[in-house]
Amino acid sequence: MDSIWLDPRPGIATDLFVPDGHYDAVVAGAGLTGLVSSLLLSRAGLRVAVIESRFVGAGTTGHTTAKLSLLQGTTMQEIRKIFPAEVAHAYVEGNKEGQAWLLRYLDEVGVPHQSRDAFTYAVDASGREQLEKEAEASSEAGLQIDTLEDPDIGLPYAVAGALVLRDQAQFDPVAALRALCNDVRTRGVKVFEDTRLTGAGNSAPLEITTSQGLLFADTLIIATGTPVLDRGGFFAKLEPSRSYLAAYTGTPHGRPFPQGMYLSVGNPGRSLRTATRHGKPVLLVGGNGHPVGAGSPRAAARDLDLWAREHFAVAERTHAWSAQDYRSVNAVPFVGPMPRGGGRIHVATGYNKWGMTNAVAAALRLSTEFLGEETPWGAVLAHRTSGAAALAETGKFNAGVAKGLVTGWAHALTQSNSRVAEEAPDSEEATAPGRTDGRVVHDGVHPVAESIVDGRTCRVSAICTHLGGILTWNDEERSWDCPLHGSRFTPSGILIEGPATSDLKPADDRT
């Protein structure tokens, strides 16, 4: 099921790809970072092209809750564990500037947004300790939030404490992308959908390879969620995660939905906000995040649905979807030049679920630096130095990746085709409409990802085309997901997202 923002699929006008085009800048990714970057560069008179592997809004921006908030869960205390106060302050200043810019822009182009109070809340004593640390770190960084003791914050269940930041905002992210796309195209920017970035040189002009053909540019900005070029090793510094969301209508005489924007601390996380669909209020419920490729996505989504029905007066679940986010292991997004890119390839990634402010902050920073200037907060973030805590987090994450690589292969090589034959249903059951299943087996020494979706069987290589991880079956979204760095593929092997740049091979292709 599509997200509420993509139903129906927005009719956003784009351009037909023309190979061998020459531009001042090519931007990979037609989400918020990419389109704001292209707008700012085109305003400065540059020739810009945007390439998008699927369609405008297909990535994280089209699946977010779209909370435009400076109160961001436990972000500030996480930054302060790793960096000095000046870095936390610069992070806040950048997010303030990003938030203010986007609100002005939404007003200019007539995209509605709603003012809401943002709450971070706890349901137990350990959560209250986290709130205290967040309040202290936020105050030190120049973000003044209020602490509420044993509060009534409009939720239908008791909370042990809460933080509040007044007058934040929420909006429809795809409506914003539509406005941005229309705006940039009137300024001469070319927007190419179904055009995947697959490689780039490092000398001027950059030779940029895509799934549709070559482009040439002085600069390349990679705003693709996770960078699809491995030169900077960002895949080793980003933890991919998936979380679940659903939209609900209310019962005719039930308690009205809470009108704030809410996020809980601790696990399992819960995120709440309202939206309007067909003139009626709906409640958006999110949570149950987990690393990509871990656990049962179906169980996580069902648990979230049960929780929503237990606590709120909901009627119909109109939409259910999931989102993929990337957490920087040092808590601050990576924005700036990509190593071994000759100073001509730039990247923006690692927003840790707070992309509405961070995406615009990144675009402001990248465009400013491209034009030879620098913001004070951008300079601090650009020259921050990772200390022992950041190195420890990176080491911990990559140790888990290495373990996952070994255990994935070990498991794949013990699951034989004979076992599948023993467990396989009869032909009538296998072709039954709606039947869905997936497992990794081995065919000789070759791991095979075998799935049955709506009665159709597909057999593809179970080896991720990025760095060779063994894929796992996502039983909620019917996809093959890589637990190492978050690449995802359809049952037939077509690449959906992640750092991989090519599809899976058919199981009988040994080349």
# chains A, B, ... in the order shown; residues from 1 in each chain; ligands from 1
call {"tool": "select_by_dssp", "arguments": {"residues": "segment 120-254 of chain A", "states": "helix (DSSP H, G or I)", "output": "count of residues only"}}
result
33
call {"tool": "residues_around", "arguments": {"residues": "Val87 of chain A", "least_positions_apart": "6", "cutoff": "10 Å", "atoms": "only C-alpha atoms", "output": "list in words"}}
result
Ile79, Arg80, Glu93, Ala141, Val332, Trp377, Gly378, Ala379, Val380, Leu381, Ala382, His383, Arg384 and Thr385 of chain A
call {"tool": "residues_around", "arguments": {"residues": "Glu97 of chain A", "least_positions_apart": "6", "cutoff": "10 Å", "atoms": "only C-alpha atoms", "output": "list in words"}}
result
Thr357, Asn358, Val360, Ala361, Leu364 and Trp377 of chain A
call {"tool": "closest_residue", "arguments": {"among": "A:Val347, A:Ala275, A:Ala25, A:Leu143", "to": "Val164 of chain A", "atoms": "only C-alpha atoms"}}
result
A:Leu143
call {"tool": "atom_distance", "arguments": {"atom1": "atom CA of Ala122 of chain A", "atom2": "atom CA of Ala135 of chain A"}}
result
13.0 Å
